[in-house]
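Student: Structure file data_22.tsv, TSV, C-alpha atoms, is pasted below:
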chain	number	residue	atom	x	y	z
A	202	MET	CA	108.75	87.52	90.93
A	203	ASP	CA	106.58	84.94	89.19
A	204	ILE	CA	103.57	86.84	87.82
A	205	GLU	CA	101.71	83.59	87.20
A	206	VAL	CA	101.76	82.87	90.94
A	207	PHE	CA	99.98	86.17	91.59
A	208	ARG	CA	97.50	85.48	88.81
A	209	ARG	CA	96.63	82.05	90.18
A	210	ASP	CA	95.99	83.75	93.51
A	211	THR	CA	93.67	86.25	91.80
A	212	PRO	CA	90.49	84.53	90.57
A	213	GLY	CA	89.35	87.49	88.48
A	214	THR	CA	92.28	87.24	86.09
A	215	ALA	CA	90.78	84.05	84.65
A	216	ASN	CA	87.64	85.87	83.50
A	217	ARG	CA	88.80	89.14	81.99
A	218	ILE	CA	91.57	91.68	81.57
A	219	HIS	CA	91.27	93.93	84.59
A	220	LEU	CA	92.67	97.41	83.88
A	221	ASN	CA	90.56	99.22	86.46
A	222	ASN	CA	92.74	98.97	89.57
A	223	ALA	CA	92.41	102.72	90.13
A	224	GLY	CA	88.71	101.94	90.61
A	225	ALA	CA	88.87	98.67	92.51
A	226	GLY	CA	91.63	96.08	92.41
A	227	LEU	CA	90.91	92.37	92.17
A	228	LEU	CA	90.79	90.52	95.49
A	229	SER	CA	93.32	87.78	96.11
A	230	ARG	CA	92.18	84.38	97.31
A	231	ARG	CA	93.79	85.08	100.69
A	232	THR	CA	91.76	88.26	101.17
A	233	LEU	CA	88.57	86.62	99.92
A	234	GLU	CA	89.00	83.61	102.21
A	235	THR	CA	89.78	85.84	105.19
A	236	MET	CA	86.57	87.79	104.66
A	237	THR	CA	84.28	84.84	104.03
A	238	ALA	CA	85.72	82.95	107.00
A	239	HIS	CA	84.80	85.80	109.32
A	240	LEU	CA	81.30	86.08	107.86
A	241	GLU	CA	80.84	82.36	108.44
A	242	LEU	CA	82.08	82.79	112.01
A	243	GLU	CA	79.58	85.60	112.60
A	244	ALA	CA	76.81	83.40	111.23
A	245	ALA	CA	77.88	80.50	113.45
A	246	ILE	CA	78.43	82.20	116.81
A	247	GLY	CA	77.19	85.81	116.50
A	248	GLY	CA	78.65	89.11	115.40
A	249	TYR	CA	79.79	90.38	118.81
A	250	GLU	CA	81.17	86.99	119.73
A	251	ALA	CA	83.07	86.68	116.45
A	252	ALA	CA	84.61	90.11	116.98
A	253	ASP	CA	85.68	89.13	120.50
A	254	GLN	CA	87.22	85.90	119.24
A	255	GLU	CA	89.12	87.68	116.46
A	256	ARG	CA	90.02	90.80	118.46
A	257	GLU	CA	93.77	90.27	118.20
A	258	ARG	CA	93.64	89.95	114.40
A	259	ILE	CA	91.28	92.93	114.13
A	260	ASP	CA	93.58	95.10	116.23
A	261	ALA	CA	96.56	93.99	114.12
A	262	THR	CA	95.01	95.87	111.20
A	263	TYR	CA	96.18	99.15	112.73
A	264	ALA	CA	99.73	97.87	112.96
A	265	ASN	CA	99.67	96.58	109.38
A	266	VAL	CA	98.36	99.86	107.99
A	267	ALA	CA	100.88	101.81	110.07
A	268	GLN	CA	103.73	99.67	108.72
A	269	LEU	CA	102.51	100.26	105.18
A	270	VAL	CA	102.83	104.05	105.47
A	271	GLY	CA	105.68	104.17	107.97
A	272	GLY	CA	103.69	105.30	110.99
A	273	HIS	CA	102.66	103.98	114.40
A	274	PRO	CA	99.44	102.03	115.10
A	275	ASP	CA	98.18	104.78	117.42
A	276	GLU	CA	98.35	107.21	114.48
A	277	VAL	CA	95.80	105.23	112.40
A	278	ALA	CA	92.00	105.38	112.34
A	279	LEU	CA	89.90	103.04	110.19
A	280	PHE	CA	86.93	104.13	108.10
A	281	ASP	CA	84.45	102.71	105.63
A	282	ASN	CA	85.96	104.73	102.78
A	283	SER	CA	88.69	107.26	102.09
A	284	THR	CA	86.31	110.20	101.59
A	285	HIS	CA	84.96	109.77	105.12
A	286	ALA	CA	88.54	109.54	106.37
A	287	TRP	CA	89.49	112.71	104.49
A	288	ASN	CA	86.39	114.57	105.73
A	289	ALA	CA	87.15	113.50	109.31
A	290	ALA	CA	90.54	115.16	109.04
A	291	PHE	CA	89.48	118.26	107.12
A	292	SER	CA	86.38	118.96	109.22
A	293	SER	CA	88.52	118.84	112.36
A	294	MET	CA	90.15	122.10	111.37
A	295	THR	CA	88.76	125.55	112.14
A	296	PHE	CA	88.59	128.26	109.48
A	297	GLU	CA	87.71	131.93	109.77
A	298	PRO	CA	87.12	134.78	107.30
A	299	GLY	CA	90.31	135.52	105.40
A	300	ASP	CA	91.92	132.13	106.00
A	301	ARG	CA	93.28	130.47	102.90
A	302	ILE	CA	93.12	126.86	101.75
A	303	LEU	CA	95.73	126.07	99.08
A	304	THR	CA	95.18	123.14	96.75
A	305	GLY	CA	96.15	121.94	93.29
A	306	ARG	CA	94.45	121.57	89.94
A	307	ALA	CA	94.53	117.79	90.33
A	308	GLU	CA	92.48	117.81	93.54
A	309	TYR	CA	89.76	115.18	93.86
A	310	GLY	CA	86.18	116.31	93.34
A	311	SER	CA	84.82	115.50	96.80
A	312	ASN	CA	87.68	117.40	98.42
A	313	VAL	CA	87.00	120.40	96.20
A	314	LEU	CA	83.34	120.41	97.22
A	315	ALA	CA	84.35	120.36	100.90
A	316	TYR	CA	86.69	123.32	100.33
A	317	LEU	CA	83.94	125.26	98.57
A	318	GLN	CA	81.38	124.52	101.28
A	319	THR	CA	83.82	125.61	103.98
A	320	ALA	CA	84.55	128.81	102.06
A	321	GLN	CA	80.83	129.56	101.85
A	322	ARG	CA	80.26	128.85	105.53
A	323	THR	CA	83.29	130.58	107.02
A	324	GLY	CA	84.52	133.19	104.57
A	325	ALA	CA	87.77	131.31	103.97
A	326	GLU	CA	89.33	131.50	100.51
A	327	VAL	CA	90.19	128.58	98.24
A	328	VAL	CA	93.37	129.24	96.27
A	329	VAL	CA	94.30	126.92	93.39
A	330	VAL	CA	98.05	126.62	92.94
A	331	PRO	CA	98.96	126.57	89.24
A	332	ASN	CA	100.71	123.69	87.51
A	333	ASP	CA	104.25	123.97	86.24
A	334	ALA	CA	105.19	123.34	82.61
A	335	SER	CA	105.06	119.56	83.13
A	336	GLY	CA	101.53	119.65	84.53
A	337	GLN	CA	102.38	118.85	88.16
A	338	LEU	CA	101.72	121.25	91.03
A	339	ASP	CA	104.16	124.16	90.80
A	340	THR	CA	106.06	124.00	94.09
A	341	ALA	CA	107.76	127.36	93.48
A	342	ALA	CA	104.35	128.98	93.11
A	343	LEU	CA	103.14	127.16	96.22
A	344	ALA	CA	106.02	128.55	98.27
A	345	GLN	CA	105.22	132.07	97.09
A	346	LEU	CA	101.50	131.73	97.82
A	347	ILE	CA	101.92	130.53	101.42
A	348	ASP	CA	101.58	133.39	103.91
A	349	ASP	CA	100.29	133.94	107.43
A	350	ARG	CA	96.70	133.57	106.18
A	351	THR	CA	97.34	130.02	104.92
A	352	LYS	CA	95.70	127.48	107.24
A	353	LEU	CA	95.95	124.34	105.11
A	354	VAL	CA	97.59	122.88	102.03
A	355	GLY	CA	95.49	120.02	100.68
A	356	VAL	CA	96.77	117.99	97.72
A	357	SER	CA	95.91	114.78	95.89
A	358	HIS	CA	99.09	112.74	95.52
A	359	VAL	CA	97.79	111.07	92.35
A	360	PRO	CA	94.64	112.44	90.71
A	361	THR	CA	91.63	110.31	89.92
A	362	GLY	CA	91.83	111.23	86.25
A	363	GLY	CA	95.44	110.75	85.18
A	364	GLY	CA	98.88	109.27	85.67
A	365	LEU	CA	100.41	112.34	87.30
A	366	VAL	CA	102.30	111.89	90.58
A	367	ASN	CA	102.41	115.23	92.37
A	368	PRO	CA	105.70	116.17	94.12
A	369	ALA	CA	104.34	115.45	97.59
A	370	ALA	CA	107.72	115.27	99.33
A	371	GLU	CA	108.68	118.74	98.07
A	372	ILE	CA	105.25	120.04	99.10
A	373	GLY	CA	105.85	118.55	102.54
A	374	ARG	CA	109.24	120.23	102.79
A	375	ILE	CA	107.65	123.60	101.97
A	376	THR	CA	104.74	123.22	104.39
A	377	ARG	CA	106.98	122.04	107.24
A	378	ALA	CA	109.26	125.04	106.77
A	379	ALA	CA	106.24	127.35	106.81
A	380	GLY	CA	104.49	125.61	109.71
A	381	VAL	CA	101.35	125.00	107.64
A	382	PRO	CA	99.32	121.77	107.96
A	383	PHE	CA	99.52	119.45	104.95
A	384	LEU	CA	96.62	117.06	104.19
A	385	LEU	CA	97.56	114.48	101.55
A	386	ASP	CA	94.93	112.46	99.71
A	387	ALA	CA	96.85	109.28	98.89
A	388	THR	CA	93.85	107.31	97.70
A	389	GLN	CA	95.41	106.47	94.33
A	390	SER	CA	99.00	106.09	95.52
A	391	VAL	CA	98.88	103.84	98.61
A	392	GLY	CA	99.23	100.28	97.35
A	393	GLN	CA	100.44	101.37	93.93
A	394	PHE	CA	103.96	102.38	95.01
A	395	PRO	CA	105.77	102.97	98.33
A	396	VAL	CA	104.34	105.76	100.48
A	397	SER	CA	106.19	106.96	103.58
A	398	VAL	CA	104.69	109.66	105.77
A	399	ALA	CA	108.14	110.53	107.08
A	400	GLU	CA	109.52	111.10	103.59
A	401	LEU	CA	106.42	112.96	102.38
A	402	GLY	CA	106.23	115.25	105.39
A	403	CYS	CA	102.43	115.35	105.49
A	404	ASP	CA	100.48	115.90	108.69
A	405	MET	CA	97.43	113.88	107.65
A	406	LEU	CA	97.12	111.18	105.02
A	407	THR	CA	94.05	109.34	103.77
A	408	ALA	CA	93.67	106.26	101.59
A	409	THR	CA	91.29	103.51	100.58
A	410	GLY	CA	91.56	99.74	100.67
A	411	ARG	CA	89.72	98.93	97.47
A	412	LYS	CA	92.08	100.27	94.80
A	413	PHE	CA	95.74	99.34	94.35
A	414	LEU	CA	95.84	97.76	97.81
A	415	ARG	CA	93.42	95.14	96.47
A	416	GLY	CA	91.36	95.19	99.64
A	417	PRO	CA	87.56	95.11	99.90
A	418	ARG	CA	85.24	97.98	99.11
A	419	GLY	CA	83.99	99.74	102.22
A	420	THR	CA	87.44	100.27	103.76
A	421	GLY	CA	89.67	103.30	104.22
A	422	PHE	CA	91.98	104.86	106.75
A	423	LEU	CA	93.38	108.09	108.12
A	424	TRP	CA	96.91	108.60	109.41
A	425	VAL	CA	97.55	111.61	111.67
A	426	ARG	CA	100.88	112.97	112.84
A	427	PRO	CA	100.75	113.16	116.67
A	428	GLU	CA	101.68	116.87	116.67
A	429	ALA	CA	98.65	117.61	114.49
A	430	LEU	CA	96.31	116.57	117.30
A	431	GLU	CA	97.07	119.93	118.93
A	432	TYR	CA	95.03	121.79	116.29
A	433	LEU	CA	92.56	119.09	115.20
A	434	GLU	CA	89.26	118.58	117.00
A	435	PRO	CA	86.94	115.95	115.52
A	436	ARG	CA	83.49	117.24	114.60
A	437	SER	CA	81.94	113.84	115.26
A	438	ILE	CA	82.04	112.17	118.67
A	439	GLU	CA	80.84	108.81	119.97
A	440	ILE	CA	81.61	106.16	122.56
A	441	ALA	CA	84.59	104.82	120.60
A	442	THR	CA	86.25	108.20	120.18
A	443	ALA	CA	85.84	109.78	123.60
A	444	THR	CA	85.28	108.78	127.24
A	445	TRP	CA	82.71	110.34	129.57
A	446	ASP	CA	84.35	111.78	132.68
A	447	GLY	CA	81.42	110.84	134.97
A	448	LYS	CA	80.16	114.42	135.16
A	449	ARG	CA	79.45	116.78	132.27
A	450	GLY	CA	82.63	116.38	130.30
A	451	PHE	CA	84.69	113.93	128.30
A	452	THR	CA	88.22	113.21	127.15
A	453	TRP	CA	89.26	112.25	123.63
A	454	GLN	CA	90.78	108.87	122.98
A	455	ASP	CA	94.54	108.94	122.59
A	456	GLY	CA	95.96	109.26	119.10
A	457	ALA	CA	94.02	108.94	115.88
A	458	ARG	CA	91.37	106.62	117.33
A	459	ARG	CA	89.43	109.75	118.28
A	460	PHE	CA	88.51	110.11	114.59
A	461	GLY	CA	87.11	106.62	114.08
A	462	THR	CA	83.82	104.87	114.76
A	463	TRP	CA	82.66	102.13	117.10
A	464	GLU	CA	80.78	100.10	114.50
A	465	ALA	CA	82.68	98.41	111.68
A	466	GLY	CA	82.23	95.59	109.22
A	467	TYR	CA	84.89	93.31	110.63
A	468	SER	CA	85.00	91.00	107.65
A	469	ASN	CA	86.02	94.08	105.65
A	470	VAL	CA	88.52	95.17	108.31
A	471	LEU	CA	90.14	91.73	108.28
A	472	GLY	CA	90.08	91.74	104.49
A	473	LEU	CA	91.91	95.07	104.49
A	474	SER	CA	94.45	93.69	106.94
A	475	ALA	CA	95.04	90.61	104.77
A	476	ALA	CA	95.49	92.76	101.65
A	477	VAL	CA	97.96	95.05	103.39
A	478	GLN	CA	99.91	92.09	104.78
A	479	GLN	CA	100.12	90.57	101.31
A	480	ALA	CA	101.39	93.83	99.81
A	481	LEU	CA	104.03	94.08	102.54
A	482	GLU	CA	105.13	90.50	101.98
A	483	ILE	CA	105.47	90.97	98.22
A	484	GLY	CA	107.25	94.27	98.83
A	485	MET	CA	106.03	97.73	97.94
A	486	ASP	CA	109.30	98.58	96.22
A	487	TRP	CA	108.81	95.78	93.72
A	488	ILE	CA	105.08	96.42	93.39
A	489	GLY	CA	105.77	100.09	92.66
A	490	ARG	CA	108.38	99.35	90.01
A	491	ARG	CA	106.19	96.77	88.32
A	492	ALA	CA	103.04	98.94	88.32
A	493	ILE	CA	104.83	102.04	87.05
A	494	ASP	CA	106.65	100.04	84.36
A	495	LEU	CA	103.35	98.59	83.15
A	496	GLY	CA	101.84	102.08	83.03
A	497	ALA	CA	104.77	103.35	80.97
A	498	TYR	CA	104.59	100.33	78.65
A	499	LEU	CA	100.88	100.86	78.03
A	500	ARG	CA	101.23	104.63	77.59
A	501	ASP	CA	104.06	104.23	75.08
A	502	ARG	CA	102.13	101.63	73.09
A	503	LEU	CA	99.02	103.81	72.93
A	504	ASP	CA	101.06	106.86	71.95
A	505	ALA	CA	102.36	104.89	68.96
A	506	VAL	CA	98.85	104.23	67.62
A	507	PRO	CA	97.69	106.77	64.98
A	508	GLY	CA	94.44	108.39	66.08
A	509	VAL	CA	94.97	107.70	69.77
A	510	THR	CA	96.12	110.38	72.25
A	511	THR	CA	97.18	110.00	75.86
A	512	TYR	CA	96.72	112.82	78.38
A	513	ASP	CA	98.85	112.07	81.43
A	514	LEU	CA	100.74	115.00	82.98
A	515	GLY	CA	103.74	115.48	85.24
A	516	ARG	CA	107.42	114.69	85.47
A	517	GLN	CA	106.70	111.46	87.31
A	518	ARG	CA	103.89	109.22	86.11
A	519	CYS	CA	102.35	106.09	87.52
A	520	ALA	CA	100.24	103.11	86.43
A	521	ILE	CA	97.18	105.20	85.56
A	522	VAL	CA	96.91	105.92	81.83
A	523	THR	CA	94.28	108.16	80.24
A	524	ALA	CA	93.55	108.21	76.53
A	525	LYS	CA	91.08	109.05	73.77
A	526	VAL	CA	90.38	107.76	70.30
A	527	ASP	CA	90.20	110.82	68.08
A	528	ALA	CA	86.64	111.75	67.06
A	529	MET	CA	85.11	108.85	68.99
A	530	PRO	CA	83.04	109.35	72.15
A	531	THR	CA	84.84	108.09	75.23
A	532	ALA	CA	81.84	106.04	76.36
A	533	GLU	CA	81.89	104.14	73.06
A	534	VAL	CA	85.57	103.30	73.47
A	535	ALA	CA	84.96	102.01	76.99
A	536	ALA	CA	81.99	99.97	75.78
A	537	ALA	CA	84.06	98.44	72.98
A	538	LEU	CA	86.76	97.43	75.46
A	539	ALA	CA	84.10	95.91	77.71
A	540	GLU	CA	82.87	93.80	74.79
A	541	HIS	CA	86.37	92.30	74.69
A	542	ARG	CA	86.18	91.66	78.46
A	543	ILE	CA	88.64	94.43	79.22
A	544	ASN	CA	87.75	96.38	82.36
A	545	VAL	CA	88.35	100.13	82.22
A	546	THR	CA	86.46	103.19	83.33
A	547	THR	CA	86.08	106.80	82.21
A	548	THR	CA	86.97	110.05	83.93
A	549	ASP	CA	84.24	112.47	84.95
A	550	PRO	CA	84.62	116.25	84.47
A	551	THR	CA	82.83	116.89	87.77
A	552	HIS	CA	85.27	114.69	89.71
A	553	ALA	CA	88.25	116.88	88.82
A	554	GLN	CA	86.77	120.36	88.69
A	555	PHE	CA	89.94	122.44	88.65
A	556	ASP	CA	91.60	120.17	86.07
A	557	THR	CA	88.46	120.41	83.94
A	558	GLU	CA	88.62	124.21	84.13
A	559	ASP	CA	92.26	124.09	83.09
A	560	ARG	CA	92.31	121.48	80.33
A	561	GLY	CA	88.75	120.60	79.36
A	562	VAL	CA	89.77	117.12	78.16
A	563	HIS	CA	87.43	114.94	80.21
A	564	PRO	CA	85.90	112.41	79.86
A	565	LEU	CA	88.86	110.16	79.06
A	566	VAL	CA	89.26	106.40	79.04
A	567	ARG	CA	91.16	105.49	82.22
A	568	LEU	CA	93.23	102.31	82.20
A	569	SER	CA	95.09	101.25	85.34
A	570	PRO	CA	97.11	98.03	85.31
A	571	HIS	CA	98.66	96.52	88.41
A	572	TYR	CA	101.48	94.11	89.14
A	573	TYR	CA	99.42	90.98	88.34
A	574	ASN	CA	98.65	92.20	84.82
A	575	THR	CA	100.78	91.01	81.92
A	576	GLU	CA	102.24	92.84	78.95
A	577	ALA	CA	100.17	90.54	76.73
A	578	GLU	CA	97.00	91.86	78.36
A	579	LEU	CA	98.10	95.42	77.72
A	580	ASP	CA	98.88	94.55	74.10
A	581	ARG	CA	95.34	93.23	73.75
A	582	ALA	CA	93.90	96.53	74.99
A	583	VAL	CA	96.12	98.46	72.57
A	584	GLU	CA	94.88	96.26	69.71
A	585	VAL	CA	91.29	97.23	70.49
A	586	PHE	CA	92.25	100.93	70.54
A	587	ALA	CA	94.04	100.54	67.21
A	588	LYS	CA	91.06	98.86	65.56
A	589	LEU	CA	88.73	101.58	66.82
A	590	ALA	CA	91.04	104.33	65.62
A	591	ALA	CA	91.48	102.71	62.21
A	592	ALA	CA	87.71	102.49	61.79
A	593	ARG	CA	87.15	106.21	62.33
Give the structure from this file in C-alpha cells form.
Tutor:
Amino acid sequence: MDIEVFRRDTPGTANRIHLNNAGAGLLSRRTLETMTAHLELEAAIGGYEAADQERERIDATYANVAQLVGGHPDEVALFDNSTHAWNAAFSSMTFEPGDRILTGRAEYGSNVLAYLQTAQRTGAEVVVVPNDASGQLDTAALAQLIDDRTKLVGVSHVPTGGGLVNPAAEIGRITRAAGVPFLLDATQSVGQFPVSVAELGCDMLTATGRKFLRGPRGTGFLWVRPEALEYLEPRSIEIATATWDGKRGFTWQDGARRFGTWEAGYSNVLGLSAAVQQALEIGMDWIGRRAIDLGAYLRDRLDAVPGVTTYDLGRQRCAIVTAKVDAMPTAEVAAALAEHRINVTTTDPTHAQFDTEDRGVHPLVRLSPHYYNTEAELDRAVEVFAKLAAAR
C-alpha cells in the first residue's frame, strides 16, 4: 500500500501530525465530498426531497456497516453516537433484585454509570471481573463468576484509556456456553482492526463512526443478533421503530430497526457509509496490521526514552499508546505536543472508573496513530517526549 496516496486523500495530514484517531480520525476527501454534496443538495431542493432522491445510497449504509462487522443489514440500527447505541441495547434488558451484571476493569465510563444507575433502580448487582497477570480481563475468573443470577456480561473490547485488546472471542465462547447475553462495546476497535460478530460471539455490538473508521462525528451504530430480540424490548418507541395496529396496539419493526430513530442527519449517514466503504476497499486486514504495527513502533520508541513510561496492558495491544513523562503533569506534556502541531489527548480518571480504582495512573497522554500516519511522524512525537524528559 502506498501511504502517500492515503495522505493525499486526507487533507488534515498537511497541517499537523494527527495522533488522536482514538478521539476522532481525519476525514478523507471522499467522505468530506460525500457529506458536503448532500448538504448542498438539501439546500438546493429541500431536506425531505434530498433524502428521497438519495434513498438508495442512504439505505446502503446498513449493508456497508453489516459487511464491516460480518452481519446482515437487518441486524443494524444507526444512531447519532455509540453511547446512544449502547444505551439502546442495555436499556432494552430487564433487571430484578439479585440479578448480576458482569463487566471488566477496562469498561468505559458511560457504561459504568448506566450499570450503577440500573443497580440503584432495580437492586441488581454490578460485579467487576478481575484482570489476569497481563492486565486483560481474566476469562477464567469470568467463567467462575457466571451463575444463574448473571443476566449480562458487558465488556469494552478496547478501553478508552489504553492499548489493551480484551479477549472478546474467548468471552463470547464463555457466554454462549452459559447462555448469558454478551454486550460488546467496540467503539475503539471497529475501524482499527477486523471485527467479526461471528468470531467474537457477542449478542450486541456498538461502535462509532468518528474514530478509527474516519467517519463524521454524530454517527454510531448497533448490531443485534436476531436471537437476542427475544429478550430485548426497546425502552424508546416512535414511528420509525414500531407500527400502529389501527386499534390500541403496535408491532415492532423487524430486526434491529426497532432500536433506531426516524430523524437523522443524512449528510452524516452518507459520510459514515463512505468511510465504511473506503475501509472495506482498503481492507481491514491490512488496516489492522498497519495500525497495530504503528502502535507497537511508537510504544517501543517511547519505552526506550529515559524518563518516559508507557502504561498499556494486555497480551494483545493495539494502536492506542498511553504514556507519561516522569514528574511532569500530563496536561503540560499534551500542551507541549500541541505546540509542535501534534494532536493527542489525555485520559480522564472518571472515564475509566474501575481501571482508576485498580491502577490510579490517570491522567495519561493518549497517542493513537492510524494507517495514514508515518513512522517519521511518530519519531517526531518521540523527540518531543525525549526533550521534555531531559528537561526535567
Student: Do you know which residues are at most 8 Å from Thr237 of chain A counting only C-alpha atoms, after dropping those on the same chain fewer than 4 positions away, and could you put them as a PDB file with C-alpha atoms, in the coordinates of the input?
Tutor:
ATOM      1  CA  LEU A 233      88.570  86.620  99.920  1.00  0.00           C
ATOM      2  CA  GLU A 241      80.840  82.360 108.440  1.00  0.00           C
ATOM      3  CA  SER A 468      85.000  91.000 107.650  1.00  0.00           C
TER       4      SER A 468
END
Student: Choose the residue, out of A:Phe586, A:Ala577, A:Pro382, A:Gly489, that has the smallest atom-to-atom separation from Glu533 of chain A; count only C-alpha atoms.
Tutor: A:Phe586
Student: Please report the interatomic distance between atom CA of Asp210 of chain A and atom CA of Ser229 of chain A in Å with one decimal.
Tutor: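 It comes out at 5.5 Å.
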Student: Skip segment 302-316 of chain A itself and residues of its chain fewer than 5 positions away, then list as JSON, numbers by chain all residues within 7 Å of it, counting all atoms listed in the file.
Tutor: {"A": [326, 327, 328, 329, 330, 331, 338, 351, 352, 353, 354, 355, 356, 357, 360, 361, 551, 552, 553, 554, 555, 556]}
Student: Within 7 Å of (91.4, 94.5, 109.7) (file coordinates; only C-alpha atoms), which protein or nucleic acid residues are there? I'd like them as a list in words.
Tutor: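 Neighbouring residues, ordered by chain and number, come to Arg258, Ile259, Asp260, Ala261, Thr262, Tyr467, Asn469, Val470, Leu471, Gly472, Leu473 and Ser474 of chain A.
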Student: Skip Ala369 of chain A itself and residues of its chain fewer than 4 positions away, then list as a ChimeraX atom specification all residues within 10 Å of it, counting only C-alpha atoms.
Tutor: /A:338,340,356-359,373-375,383,385,387,400-403
Student: Would you compute the distance between atom CA of Ala223 of chain A and atom CA of Glu276 of chain A? Give it in Å to one decimal.
Tutor: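 Going from atom CA of Ala223 of chain A over to atom CA of Glu276 of chain A covers 25.5 Å.
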Student: Hey, can you pull every residue with an atom no more than 8 Å from (103.2, 129.6, 102.2), using all atoms listed in the file, and send it as a list of chain:residue names?
Tutor: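 These residues have at least one counted atom within 8 Å: A:Leu343, A:Ala344, A:Gln345, A:Leu346, A:Ile347, A:Asp348, A:Asp349, A:Thr351, A:Ile375, A:Thr376, A:Ala379, A:Val381.
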Student: Identify which of the residues A:Thr319, A:Thr531, A:Thr214, A:Thr235 lies closest to Asn544 of chain A, counting all atoms listed in the file when measuring atom-to-atom distances.
Tutor: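 Closest candidate: A:Thr214.
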Student: By how many Å are atom CA of Glu250 of chain A and atom CA of Val277 of chain A apart?
Tutor: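 Spanning atom CA of Glu250 of chain A to atom CA of Val277 of chain A is a straight-line distance of 24.5 Å.
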Student: When you count only C-alpha atoms, which of these residues is closest to Ala215 of chain A: A:Leu227, A:Cys519, A:Ala592, A:Leu240?
Tutor: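 Among the listed residues, the smallest separation from Ala215 of chain A belongs to A:Leu227.
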